[in-house]
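A.B. asks: Next up is a structure, given as structure tokens.
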Amino acid sequence: MKFDYSQNKLHDYLECPRRFELRYLLQRIWPAVHTEPVLELEEQINNGKIFHLMAQQYFSGINPDVILLQVENVKISTWWKAFLTFAESYNNLPHQSEVMISSKINNKSFMGVFDLLVYSPGEKITIIDWKTNHNRPSRKNLEQHIQTRLYPLLLISGGKQWNNNNKIKPDQIEMIYWFANYPDEPQSFLYSEQQFQTDLIFIQDLINQIETTKSGEFPLTTNQKRCDFCNYRSLCGRGSKPGSTLELDNLDLEYLYEEIEEIDMNQIGDIAF
Ligand code: SF4
């Protein structure tokens with residue numbers, strides 16, 4: 001079976017190897033409420049999806065005023081105004097939004113989606129990610145996060161088309177997280193050869209661990225708090241009551257969105273505004 005690794009899959013493995021096994025290797029469907037209140041979670045998911053679509057429309061050249069006419073939601077309108085201030089300078093540079101990239105790293109297949117890629121071939125290449133979380137994760141948290149470690153690797157191994165067909169060097173890459181609820185506090189990470197080598201080893205070790213674990217031997221997380229937000233909790237005997245949305249870690253809420261309803265930009269045009 002062809003298996004593409006992604007940041008979501010590796011994130012799940014790091015959170016709980018058993019969840020990774022159940023979800024991606026065994027493809028076990030186990031419906032359960034992830035968090036409460038359910039309606040609040042649904043609203044957050046929907047707002048995040050709509051915002052990502054609006055950002056994509058903006059970088060496709062659609063007039064921002066026309067885009068805004070599609071929404072009546074006050075929260076999204078506020079995000080939008082702040083977004084335009086941030087996004088304007090990037091819109092004047094060569095860019096591509098919702099970039100799906102797949103490539104081999106140490107002979108394994110990986111894939112990812114960049115919200116926005118801004119590129120000056122031979123010079124700087126910036127990956128930008130929009131976050132609509134309630135909270136802003138700490139810099140340390142973001143720095144160690146799998147997305148921050150995997151996306152530059154993906155770009156180096158599979159992104160030469162944005163660099164005059166030359167392999168991208170680590171020090172050309174910047175990764176920026178922009179937070180809709182904290183628009184004046186984006187976090188930027190400049191990549192380096194040293195970080196590249198560290199991340200390569202980290203990812204390779206992770207894949208080795210996964211691929212040498214026998215079926216049925218993926219351990220359950222020792223951090224049982226994570227089970228409160230996992231749909232497999234009754235299957236694992238880790239309780240039946242969902243956790244509260246407010247208690248979720250900053251980044252985890254976003255993973256929950258994506259797990260529940262993957263943002264498929266080919267279908268997202270069907271969202272009712
Ligand atoms: S319920 Fe807990 S142990 Fe079971 S898969 Fe989910 S996180 Fe892992």
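We name chains A, B, ... following the order of the structure tokens; residues begin at 1 in each chain, and ligands are numbered from 1 as shown.
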So that I can check the surroundings of Ala87 of chain A, please list as JSON, numbers by chain every protein, DNA and RNA residue that reaches within 9 Å of it, counting only C-alpha atoms and ignoring chain neighbours fewer than 4 positions away.
C.D. replies: {"A": [55, 58, 59, 82, 83, 91]}
A.B. asks: Save out the residues we just selected, N, CA, C and O atoms, as a CSV table (one decimal), in the first residue's frame.
C.D. replies:
chain,number,residue,atom,x,y,z
A,55,ALA,N,-8.7,33.9,1.8
A,55,ALA,CA,-7.3,34.2,1.6
A,55,ALA,C,-6.9,33.6,0.2
A,55,ALA,O,-6.1,34.3,-0.6
A,58,TYR,N,-8.2,35.9,-2.5
A,58,TYR,CA,-7.4,37.2,-2.5
A,58,TYR,C,-6.1,37.0,-3.3
A,58,TYR,O,-5.8,37.8,-4.2
A,59,PHE,N,-5.4,35.9,-3.0
A,59,PHE,CA,-4.1,35.7,-3.7
A,59,PHE,C,-4.3,35.2,-5.2
A,59,PHE,O,-3.4,35.0,-5.9
A,82,ALA,N,-7.7,42.8,9.1
A,82,ALA,CA,-6.3,42.6,9.6
A,82,ALA,C,-5.5,41.8,8.6
A,82,ALA,O,-4.3,42.2,8.4
A,83,PHE,N,-6.1,40.9,8.0
A,83,PHE,CA,-5.4,40.0,7.0
A,83,PHE,C,-4.9,40.9,5.8
A,83,PHE,O,-3.8,40.8,5.4
A,91,ASN,N,1.2,40.1,-1.8
A,91,ASN,CA,0.5,40.0,-3.0
A,91,ASN,C,1.2,40.6,-4.2
A,91,ASN,O,0.9,40.4,-5.4
A.B. asks: List the spatial neighbours of Phe189 of chain A as number ranges by chain - criterion: any atom at most 7 Å away, only C-alpha atoms, same-chain residues fewer than 3 positions off excluded.
C.D. replies: A: 174-176
A.B. asks: A:Gly112, A:Gly237, A:Pro17, A:Pro186: which is nearest Thr221 of chain A, counting only C-alpha atoms?
C.D. replies: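 For Thr221 of chain A, the nearest of the given residues is A:Pro17.
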A.B. asks: Give the residues close to ligand 1, within 12 Å, counting only C-alpha atoms and all ligand atoms; write them as a ChimeraX atom specification.
C.D. replies: /A:11-24,26,28-30,32,34,218-243
A.B. asks: Could you give me, as an NGL selection string, the residues within 9 Å of segment 72-76 of chain A, counting only C-alpha atoms and dropping anything in the same chain fewer than 5 positions from it?
C.D. replies: :A and (47-48 or 50-51 or 81 or 180 or 273)
A.B. asks: Kindly export the residues of the current selection with N, CA and C atoms, as a CSV table (one decimal), in the first residue's frame.
C.D. replies:
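This went into again-v2.csv:
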chain,number,residue,atom,x,y,z
A,47,ASN,N,-15.6,28.7,10.4
A,47,ASN,CA,-14.9,30.0,10.2
A,47,ASN,C,-13.5,29.9,9.7
A,48,GLY,N,-12.8,28.9,10.2
A,48,GLY,CA,-11.4,28.7,9.7
A,48,GLY,C,-11.4,28.3,8.2
A,50,ILE,N,-13.7,29.0,5.9
A,50,ILE,CA,-14.2,30.2,5.1
A,50,ILE,C,-13.0,31.2,5.0
A,51,PHE,N,-12.3,31.4,6.1
A,51,PHE,CA,-11.2,32.3,6.1
A,51,PHE,C,-10.1,31.8,5.1
A,81,LYS,N,-10.0,42.3,7.7
A,81,LYS,CA,-9.4,43.6,7.7
A,81,LYS,C,-7.9,43.5,8.1
A,180,ALA,N,-4.9,35.0,12.9
A,180,ALA,CA,-6.0,35.9,12.7
A,180,ALA,C,-6.5,36.6,13.9
A,273,PHE,N,-21.9,30.6,2.4
A,273,PHE,CA,-21.4,31.7,3.1
A,273,PHE,C,-22.6,32.3,3.9
A.B. asks: Got a sec: who's within 8 Å of segment 127-142 of chain A, counting only C-alpha atoms, leaving out chain neighbours fewer than 2 positions off, as a list in words?
C.D. replies: Gly48, His52, Phe114, Asp115, Leu116, Leu117, Val118, Ile125, Gln144, His145, Thr148, Ile173, Glu174, Met175, Ile176, Tyr177, Trp178, Phe179, Ala180, Asn181, Tyr182, Gln187, Asn250, Leu251, Leu253 and Glu254 of chain A
A.B. asks: Considering only C-alpha atoms, return as a list in words whatever protein or nucleic-acid residues lie within 12 Å of Gln161 of chain A, sequence-local ones (same chain, fewer than 2 positions apart) excluded.
C.D. replies: Gln96, Ile101, Leu117, Tyr119, Ser120, Pro121, Gly122, Ile125, Leu155, Ile156, Ser157, Gly158, Gly159, Asn163, Asn164, Asn165, Asn166, Lys167 and Ile168 of chain A
